[in-house]
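Below is the file protein_5.txt, which contains compact mmCIF, C-alpha atoms.
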# COMPACT_ATOMS: atom_id res chain seq x y z
CA MET A 1 0.19 -23.38 9.44
CA THR A 2 3.69 -23.53 10.76
CA VAL A 3 5.01 -20.05 10.02
CA PRO A 4 4.75 -17.99 13.23
CA LEU A 5 2.74 -14.81 13.24
CA SER A 6 5.76 -12.73 14.25
CA TYR A 7 7.45 -13.45 10.91
CA TYR A 8 4.59 -11.74 9.12
CA LEU A 9 4.78 -8.84 11.56
CA VAL A 10 8.51 -8.42 10.92
CA LEU A 11 7.95 -8.46 7.15
CA SER A 12 5.12 -5.97 7.38
CA GLY A 13 7.12 -3.72 9.72
CA PHE A 14 10.04 -3.75 7.31
CA VAL A 15 7.85 -2.85 4.33
CA PHE A 16 6.16 -0.11 6.33
CA LEU A 17 9.55 1.31 7.37
CA THR A 18 10.69 1.30 3.76
CA GLY A 19 7.57 3.26 2.86
CA VAL A 20 8.17 5.82 5.60
CA VAL A 21 11.79 6.30 4.56
CA GLY A 22 10.71 6.60 0.93
CA VAL A 23 8.19 9.31 1.76
CA LEU A 24 10.90 11.23 3.61
CA ILE A 25 13.87 10.95 1.26
CA ARG A 26 12.40 11.05 -2.23
CA ARG A 27 11.78 14.31 -4.08
CA ASN A 28 9.55 12.97 -6.82
CA ILE A 29 5.87 13.15 -5.83
CA ILE A 30 5.00 10.05 -7.86
CA VAL A 31 7.55 7.97 -5.96
CA ILE A 32 6.23 9.42 -2.69
CA LEU A 33 2.76 8.15 -3.63
CA LEU A 34 4.30 4.76 -4.50
CA SER A 35 5.83 4.69 -1.00
CA VAL A 36 2.40 5.37 0.47
CA GLU A 37 1.19 2.33 -1.45
CA LEU A 38 4.00 0.35 0.18
CA MET A 39 2.75 1.36 3.62
CA LEU A 40 -0.84 0.44 2.76
CA ASN A 41 0.33 -2.97 1.55
CA ALA A 42 2.25 -3.51 4.78
CA THR A 43 -0.93 -2.92 6.80
CA ASN A 44 -2.81 -5.25 4.46
CA ILE A 45 -0.28 -8.03 5.09
CA ASN A 46 -0.81 -7.52 8.81
CA PHE A 47 -4.60 -7.64 8.45
CA VAL A 48 -4.55 -10.86 6.45
CA ALA A 49 -2.02 -12.54 8.75
CA PHE A 50 -4.07 -11.74 11.85
CA SER A 51 -7.24 -12.78 10.08
CA GLU A 52 -5.69 -16.18 9.34
CA TYR A 53 -4.27 -16.67 12.81
CA PHE A 54 -7.38 -15.70 14.72
CA HIS A 55 -9.75 -17.35 12.22
CA ASN A 56 -11.73 -14.17 11.86
CA VAL A 57 -12.73 -13.00 8.42
CA ALA A 58 -13.12 -9.36 9.52
CA GLY A 59 -9.44 -8.72 8.82
CA GLN A 60 -9.92 -9.60 5.17
CA VAL A 61 -12.94 -7.32 4.98
CA PHE A 62 -10.84 -4.46 6.32
CA VAL A 63 -8.32 -5.08 3.54
CA PHE A 64 -11.15 -4.30 1.14
CA PHE A 65 -11.72 -0.94 2.74
CA ALA A 66 -7.98 -0.21 2.71
CA LEU A 67 -8.02 -1.11 -0.98
CA THR A 68 -10.91 1.29 -1.61
CA VAL A 69 -9.11 4.10 0.16
CA ALA A 70 -5.92 3.31 -1.77
CA ALA A 71 -7.76 3.47 -5.08
CA ALA A 72 -9.39 6.78 -4.15
CA GLU A 73 -6.06 8.15 -2.94
CA VAL A 74 -4.35 7.19 -6.17
CA ALA A 75 -7.05 8.73 -8.35
CA VAL A 76 -7.10 12.05 -6.50
CA GLY A 77 -3.33 12.11 -5.95
CA LEU A 78 -2.48 11.54 -9.58
CA ALA A 79 -5.02 14.18 -10.62
CA ILE A 80 -3.33 16.61 -8.24
CA ILE A 81 0.06 15.68 -9.72
CA ILE A 82 -1.21 16.34 -13.24
CA ALA A 83 -2.67 19.70 -12.20
CA LEU A 84 0.60 20.54 -10.44
CA HIS A 85 2.66 19.61 -13.47
CA ARG A 86 0.44 21.76 -15.63
CA THR A 87 0.73 24.91 -13.52
CA ASN A 88 4.25 24.41 -12.15
CA SER A 89 5.87 22.22 -14.84
CA SER A 90 7.66 20.34 -12.06
CA ILE A 91 6.72 17.49 -9.77
CA TYR A 92 9.68 17.74 -7.42
CA ILE A 93 8.72 18.82 -3.95
CA ASP A 94 11.72 21.14 -3.70
CA ASP A 95 10.17 23.34 -6.38
CA LEU A 96 6.83 23.59 -4.64
CA ASN A 97 7.64 26.45 -2.28
CA LEU A 98 4.97 28.94 -3.28
CA LEU A 99 3.92 29.59 0.31
CA LYS A 100 7.54 30.17 1.36
CA ARG A 101 8.29 32.86 -1.20
CA MET B 1 7.08 -26.30 2.98
CA ASP B 2 5.18 -23.32 4.37
CA HIS B 3 8.49 -21.86 5.48
CA ILE B 4 10.00 -22.15 2.00
CA PHE B 5 7.07 -20.30 0.43
CA PHE B 6 7.02 -17.68 3.14
CA PHE B 7 10.73 -16.96 2.94
CA TYR B 8 10.65 -16.76 -0.86
CA PHE B 9 7.73 -14.31 -0.85
CA ALA B 10 9.16 -12.33 2.07
CA ALA B 11 12.59 -12.01 0.45
CA VAL B 12 11.13 -10.80 -2.84
CA ILE B 13 8.72 -8.40 -1.10
CA ALA B 14 11.51 -6.91 1.04
CA THR B 15 13.91 -6.57 -1.91
CA THR B 16 11.41 -4.99 -4.26
CA SER B 17 10.10 -2.59 -1.61
CA VAL B 18 13.65 -1.37 -1.06
CA LEU B 19 14.06 -1.06 -4.83
CA VAL B 20 10.88 1.04 -5.07
CA VAL B 21 12.47 3.60 -2.78
CA ALA B 22 16.05 3.31 -4.03
CA LEU B 23 15.68 3.31 -7.82
CA ARG B 24 16.09 6.72 -9.45
CA ASN B 25 13.80 6.20 -12.44
CA PRO B 26 10.08 6.34 -11.49
CA VAL B 27 9.21 3.79 -14.19
CA TYR B 28 11.57 1.25 -12.63
CA SER B 29 10.12 2.04 -9.19
CA ALA B 30 6.62 1.36 -10.48
CA LEU B 31 7.73 -1.93 -12.08
CA ALA B 32 9.39 -3.02 -8.82
CA LEU B 33 6.12 -2.24 -7.06
CA LEU B 34 4.33 -4.42 -9.63
CA ILE B 35 6.56 -7.39 -8.73
CA MET B 36 5.90 -6.68 -5.06
CA PHE B 37 2.12 -6.68 -5.58
CA PHE B 38 2.27 -10.08 -7.27
CA HIS B 39 4.29 -11.55 -4.41
CA VAL B 40 1.98 -10.04 -1.81
CA ALA B 41 -0.83 -11.80 -3.65
CA GLY B 42 1.16 -15.04 -3.38
CA LEU B 43 1.56 -14.42 0.34
CA TYR B 44 -2.22 -14.02 0.60
CA VAL B 45 -2.66 -17.41 -1.08
CA THR B 46 -0.40 -19.05 1.52
CA LEU B 47 -2.53 -17.34 4.18
CA HIS B 48 -5.71 -18.88 2.71
CA ALA B 49 -7.09 -15.56 1.47
CA GLU B 50 -7.50 -16.56 -2.15
CA PHE B 51 -10.17 -14.03 -3.01
CA LEU B 52 -8.02 -11.19 -1.66
CA ALA B 53 -5.10 -12.46 -3.73
CA ALA B 54 -7.20 -12.17 -6.88
CA VAL B 55 -8.44 -8.75 -5.84
CA GLN B 56 -4.89 -7.66 -5.10
CA ILE B 57 -3.78 -8.55 -8.61
CA VAL B 58 -6.85 -7.14 -10.34
CA VAL B 59 -7.09 -3.87 -8.42
CA TYR B 60 -3.51 -3.07 -7.47
CA ALA B 61 -1.56 -4.49 -10.39
CA GLY B 62 -4.32 -4.06 -12.94
CA ALA B 63 -5.77 -0.68 -12.09
CA ILE B 64 -3.68 1.33 -9.66
CA LEU B 65 -0.25 0.58 -11.09
CA VAL B 66 -1.40 1.07 -14.68
CA LEU B 67 -2.65 4.49 -13.60
CA TYR B 68 0.77 5.25 -12.10
CA LEU B 69 2.63 4.15 -15.22
CA PHE B 70 0.21 6.14 -17.36
CA VAL B 71 0.90 9.32 -15.41
CA VAL B 72 4.67 8.72 -15.34
CA MET B 73 4.78 8.32 -19.08
CA LEU B 74 2.33 11.19 -19.65
CA LEU B 75 4.54 13.59 -17.72
CA SER B 76 7.76 12.13 -19.26
CA ILE B 77 9.79 12.51 -16.11
CA LYS B 78 13.53 12.17 -16.23
CA SER B 79 15.50 10.28 -13.65
CA GLU B 80 15.96 11.91 -10.30
CA GLU B 81 19.52 12.99 -9.73
CA ARG B 82 19.67 13.15 -5.95
CA TYR B 83 17.67 12.33 -2.85
CA HIS B 84 15.92 14.80 -0.61
CA ASN B 85 17.96 16.30 2.21
CA GLN B 86 15.68 14.84 4.88
CA LEU B 87 17.90 11.78 5.09
CA PRO B 88 18.87 12.33 8.80
CA VAL B 89 15.21 12.64 9.80
CA ALA B 90 14.37 9.54 7.79
CA GLY B 91 17.22 7.59 9.35
CA LEU B 92 16.26 8.66 12.88
CA LEU B 93 12.60 7.76 12.31
CA GLY B 94 13.58 4.46 10.74
CA VAL B 95 15.81 3.50 13.66
CA MET B 96 13.11 4.49 16.18
CA LEU B 97 10.37 2.49 14.47
CA CYS B 98 12.74 -0.45 14.02
CA THR B 99 13.57 -0.58 17.73
CA GLU B 100 9.86 -0.31 18.50
CA VAL B 101 9.10 -3.35 16.33
CA ILE B 102 11.94 -5.31 17.94
CA LEU B 103 10.82 -4.37 21.46
CA LEU B 104 7.23 -5.39 20.71
CA LEU B 105 8.39 -8.70 19.29
CA ILE B 106 10.59 -9.43 22.33
CA GLN B 107 7.66 -8.67 24.64
CA SER B 108 5.31 -10.86 22.65
CA ARG B 109 7.88 -13.66 22.68
CA THR B 110 7.88 -13.68 26.46
CA ALA B 111 4.10 -13.33 26.69
CA THR B 112 1.79 -16.25 26.12
CA SER B 113 1.39 -17.27 22.54
CA ALA B 114 -1.95 -16.27 21.03
CA GLN B 115 -2.26 -19.05 18.52
CA ALA B 116 -4.58 -21.29 20.50
CA ILE B 117 -7.81 -20.04 18.95
CA PRO B 118 -9.62 -22.91 17.26
CA ALA B 119 -11.12 -22.70 13.81
CA ASP B 120 -14.76 -21.71 13.85
CA ALA B 121 -17.58 -23.61 12.22
CA VAL B 122 -17.55 -21.54 9.03
CA THR B 123 -14.23 -22.92 7.76
CA GLY B 124 -16.12 -25.47 5.69
CA ALA B 125 -17.26 -22.68 3.38
CA GLY B 126 -14.86 -21.19 0.86
CA ASN B 127 -12.91 -18.01 1.41
CA THR B 128 -15.00 -15.99 -1.04
CA GLU B 129 -18.25 -17.06 0.61
CA MET B 130 -16.97 -16.10 4.04
CA VAL B 131 -15.75 -12.69 2.92
CA GLY B 132 -18.98 -12.01 1.04
CA GLU B 133 -21.07 -13.08 4.01
CA ALA B 134 -19.22 -10.72 6.35
CA LEU B 135 -19.14 -7.90 3.81
CA TYR B 136 -22.88 -7.92 3.11
CA SER B 137 -24.14 -8.56 6.63
CA THR B 138 -21.93 -7.12 9.35
CA TYR B 139 -20.13 -4.55 7.22
CA LEU B 140 -22.98 -3.50 4.94
CA PHE B 141 -22.96 0.17 5.96
CA PRO B 142 -19.15 0.60 5.66
CA PHE B 143 -19.42 -1.10 2.27
CA GLU B 144 -21.88 1.53 1.07
CA VAL B 145 -19.72 4.31 2.51
CA ALA B 146 -16.76 2.86 0.60
CA SER B 147 -18.72 3.15 -2.65
CA LEU B 148 -19.45 6.76 -1.74
CA ILE B 149 -15.71 7.35 -1.22
CA LEU B 150 -15.05 5.97 -4.68
CA LEU B 151 -17.70 8.27 -6.17
CA VAL B 152 -16.19 11.30 -4.45
CA ALA B 153 -12.70 10.31 -5.62
CA MET B 154 -13.94 9.89 -9.18
CA ILE B 155 -15.60 13.31 -9.26
CA GLY B 156 -12.60 14.90 -7.56
CA ALA B 157 -10.14 13.39 -10.01
CA ILE B 158 -12.18 14.61 -12.99
CA ILE B 159 -12.49 18.11 -11.56
CA LEU B 160 -8.81 18.35 -10.62
CA ALA B 161 -7.44 17.04 -13.89
CA LYS B 162 -9.73 19.10 -16.10
CA LYS B 163 -7.73 21.23 -18.45
CA ASP B 164 -9.51 24.60 -18.34
CA LEU B 165 -10.25 24.74 -14.65
CA ASN B 166 -8.33 27.96 -14.16
CA GLU B 167 -10.06 29.75 -17.01
CA HIS B 168 -13.43 28.87 -15.56
CA VAL B 169 -12.38 30.20 -12.20
CA GLN B 170 -11.09 33.45 -13.63
CA GLN B 171 -14.19 34.13 -15.69

Can you give me the file's structure in the form of structure tokens?
Amino acid sequence: MTVPLSYYLVLSGFVFLTGVVGVLIRRNIIVILLSVELMLNATNINFVAFSEYFHNVAGQVFVFFALTVAAAEVAVGLAIIIALHRTNSSIYIDDLNLLKR
Amino acid sequence: MDHIFFFYFAAVIATTSVLVVALRNPVYSALALLIMFFHVAGLYVTLHAEFLAAVQIVVYAGAILVLYLFVVMLLSIKSEERYHNQLPVAGLLGVMLCTEVILLLIQSRTATSAQAIPADAVTGAGNTEMVGEALYSTYLFPFEVASLILLVAMIGAIILAKKDLNEHVQQ
């Protein structure tokens, strides 16, 4: 194991930042959910890297729970998107201003 | 050798994650995310988390991304023509988080390196055995709660995506 831990942290920080920027600048809800997946993957990279460097398997177990939450989030989120598209016939967040009108 | 693998996986992960955000067509975004998931799985293999690599491919690439592509094609979304006007906020937040990461890394560089922890006695067992052991002994209760979360998500998705929900409510 010669790659330093900070390299993994930089990679994970970059992916997380990309996810944050994607959530903020995209208008399509599906791409916003994809950006959330990016952020979850960045945390998973961190968990696995720390788990390897500290020789503790708990980090890998926590990736499982993050995976479970990601799967649940995707299922409910995509169901919400389908319901939204059915009632609103649009999945762009600019068009979802019902409370503002 | 480790460096070559790491830099290959890191370069592809960084490029595809930028592509996920930058590409206008949601289908292309989802496909870029697919490539990223595979390379994250490769990164897990270099980190000796082989079981997680398999789970990453099976669950993320096999289940979650197929669900995304299914919904994208079901809704037949056209390409997005412009970005949201929150670009200044996003840029400010990005710069702030970036400086935070850099500051933390500089501080950790000056601090003592935390890599001196020796391997414990369990390293003789395989990765899957170790994960299973921890999952079913120390983390048994969170494991059961996770299955409950999945059940709730399943019921919620069925209820939300049901076609005649509004008619039932109005009756």

For atom CA of Ala157 of chain B and atom CA of Phe143 of chain B, quote the distance in Å rounded to one decimal.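 Spanning atom CA of Ala157 of chain B to atom CA of Phe143 of chain B is a straight-line distance of 21.1 Å.
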
Of the candidates B:Val21, B:Leu69, B:Leu104, B:Phe9, which shows the shortest atom-to-atom distance to chain A, using only C-alpha atoms?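 Under the stated criterion, the closest residue is B:Val21.
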
Select all residues near (-14.2, -7.9, 8.7) (cut-off 7 Å, inclusive, file coordinates), counting all atoms listed in the file, and output them as a PyMOL selection string. (chain A and resi 57-62) or (chain B and resi 134-135+139)

Given only C-alpha atoms, how would the per-residue table for segment 26-45 of chain B near segment 5-16 of chain A read, listing every residue at most 12 Å away with its closest atom pair and distance in Å to one decimal, sorted by chain and number, as CSV?
residue,atom,partner,partner_atom,distance
B:Leu33,CA,A:Val15,CA,11.5
B:Met36,CA,A:Val15,CA,10.3
B:Val40,CA,A:Ser12,CA,10.5
B:Leu43,CA,A:Tyr8,CA,9.7
B:Tyr44,CA,A:Tyr8,CA,11.1

Keeping only C-alpha atoms, write the selected residues as a tab-separated table (two decimals), in the frame of the given file.
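Once everything was written out, this is out28.tsv:
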chain	number	residue	atom	x	y	z
B	33	LEU	CA	6.12	-2.24	-7.06
B	36	MET	CA	5.90	-6.68	-5.06
B	40	VAL	CA	1.98	-10.04	-1.81
B	43	LEU	CA	1.56	-14.42	0.34
B	44	TYR	CA	-2.22	-14.02	0.60

If you measure from atom CA of Gly22 of chain A to atom CA of Ser35 of chain A, what distance in Å do you get, rounded to one decimal?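 Atom CA of Ser35 of chain A lies at a distance of 5.6 Å from atom CA of Gly22 of chain A.
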
Between B:Leu23, B:Ile106, B:Leu148, B:Ala90, which has the minimum distance to chain A (counting all atoms listed in the file)? B:Ala90

Point-to-point distance from atom CA of Leu150 of chain B to atom CA of Ser29 of chain B, Å rounded to tenths: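 Here the two named atoms are 25.9 Å from each other.
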
Hey, can you pull every residue with an atom no more than 10 Å from (4.7, 9.5, -0.7), using all atoms listed in the file, and send it as a list in words?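 Every polymer residue passing the test: Gly19, Val20, Val21, Gly22, Val23, Leu24, Ile25, Arg26, Arg27, Asn28, Ile29, Ile30, Val31, Ile32, Leu33, Leu34, Ser35, Val36, Glu37, Leu38, Met39 and Gly77 of chain A; Val21 of chain B.
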
Kindly indicate which residue among B:Ala32, B:Val27, B:Leu103, B:Val18 lies nearest to chain A, using all atoms listed in the file for the distances.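 Under the stated criterion, the closest residue is B:Val18.
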
Missing atoms in segment 34-62 of chain A should be modelled up to N, CA and C atoms and reported as a compact mmCIF listing (two decimals), keeping the file's coordinate frame.
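Heads up, here's the output in rebuild_35.txt:
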# COMPACT_ATOMS: atom_id res chain seq x y z
N LEU A 34 4.00 6.20 -4.46
CA LEU A 34 4.30 4.76 -4.50
C LEU A 34 4.70 4.26 -3.11
N SER A 35 5.44 5.09 -2.35
CA SER A 35 5.83 4.69 -1.00
C SER A 35 4.62 4.59 -0.09
N VAL A 36 3.64 5.48 -0.31
CA VAL A 36 2.40 5.37 0.47
C VAL A 36 1.70 4.04 0.17
N GLU A 37 1.75 3.64 -1.11
CA GLU A 37 1.19 2.33 -1.45
C GLU A 37 1.91 1.21 -0.72
N LEU A 38 3.24 1.34 -0.58
CA LEU A 38 4.00 0.35 0.18
C LEU A 38 3.47 0.24 1.60
N MET A 39 3.23 1.39 2.23
CA MET A 39 2.75 1.36 3.62
C MET A 39 1.38 0.71 3.71
N LEU A 40 0.49 1.05 2.74
CA LEU A 40 -0.84 0.44 2.76
C LEU A 40 -0.74 -1.07 2.59
N ASN A 41 0.18 -1.54 1.74
CA ASN A 41 0.33 -2.97 1.55
C ASN A 41 0.86 -3.65 2.81
N ALA A 42 1.74 -2.94 3.54
CA ALA A 42 2.25 -3.51 4.78
C ALA A 42 1.12 -3.73 5.78
N THR A 43 0.21 -2.74 5.89
CA THR A 43 -0.93 -2.92 6.80
C THR A 43 -1.83 -4.04 6.31
N ASN A 44 -1.96 -4.18 4.98
CA ASN A 44 -2.81 -5.25 4.46
C ASN A 44 -2.24 -6.62 4.80
N ILE A 45 -0.90 -6.76 4.71
CA ILE A 45 -0.28 -8.03 5.09
C ILE A 45 -0.59 -8.35 6.55
N ASN A 46 -0.49 -7.31 7.41
CA ASN A 46 -0.81 -7.52 8.81
C ASN A 46 -2.25 -7.98 9.00
N PHE A 47 -3.18 -7.30 8.32
CA PHE A 47 -4.60 -7.64 8.45
C PHE A 47 -4.84 -9.10 8.07
N VAL A 48 -4.27 -9.50 6.93
CA VAL A 48 -4.55 -10.86 6.45
C VAL A 48 -3.89 -11.89 7.37
N ALA A 49 -2.68 -11.59 7.87
CA ALA A 49 -2.02 -12.54 8.75
C ALA A 49 -2.81 -12.73 10.04
N PHE A 50 -3.27 -11.61 10.63
CA PHE A 50 -4.07 -11.74 11.85
C PHE A 50 -5.38 -12.44 11.59
N SER A 51 -5.98 -12.14 10.43
CA SER A 51 -7.24 -12.78 10.08
C SER A 51 -7.07 -14.29 9.98
N GLU A 52 -5.92 -14.74 9.45
CA GLU A 52 -5.69 -16.18 9.34
C GLU A 52 -5.43 -16.79 10.72
N TYR A 53 -4.67 -16.07 11.54
CA TYR A 53 -4.27 -16.67 12.81
C TYR A 53 -5.37 -16.67 13.83
N PHE A 54 -6.27 -15.72 13.76
CA PHE A 54 -7.38 -15.70 14.72
C PHE A 54 -8.65 -16.25 14.11
N HIS A 55 -8.61 -16.74 12.90
CA HIS A 55 -9.75 -17.35 12.22
C HIS A 55 -10.95 -16.42 12.22
N ASN A 56 -10.67 -15.17 11.91
CA ASN A 56 -11.73 -14.17 11.86
C ASN A 56 -11.65 -13.48 10.51
N VAL A 57 -12.76 -13.48 9.79
CA VAL A 57 -12.73 -13.00 8.42
C VAL A 57 -12.80 -11.48 8.36
N ALA A 58 -12.99 -10.83 9.52
CA ALA A 58 -13.12 -9.36 9.52
C ALA A 58 -11.85 -8.69 9.03
N GLY A 59 -10.69 -9.31 9.29
CA GLY A 59 -9.44 -8.72 8.82
C GLY A 59 -9.41 -8.62 7.31
N GLN A 60 -9.92 -9.64 6.63
CA GLN A 60 -9.92 -9.60 5.17
C GLN A 60 -10.90 -8.57 4.66
N VAL A 61 -12.00 -8.35 5.40
CA VAL A 61 -12.94 -7.32 4.98
C VAL A 61 -12.29 -5.94 5.10
N PHE A 62 -11.48 -5.76 6.16
CA PHE A 62 -10.84 -4.46 6.32
C PHE A 62 -9.82 -4.21 5.21
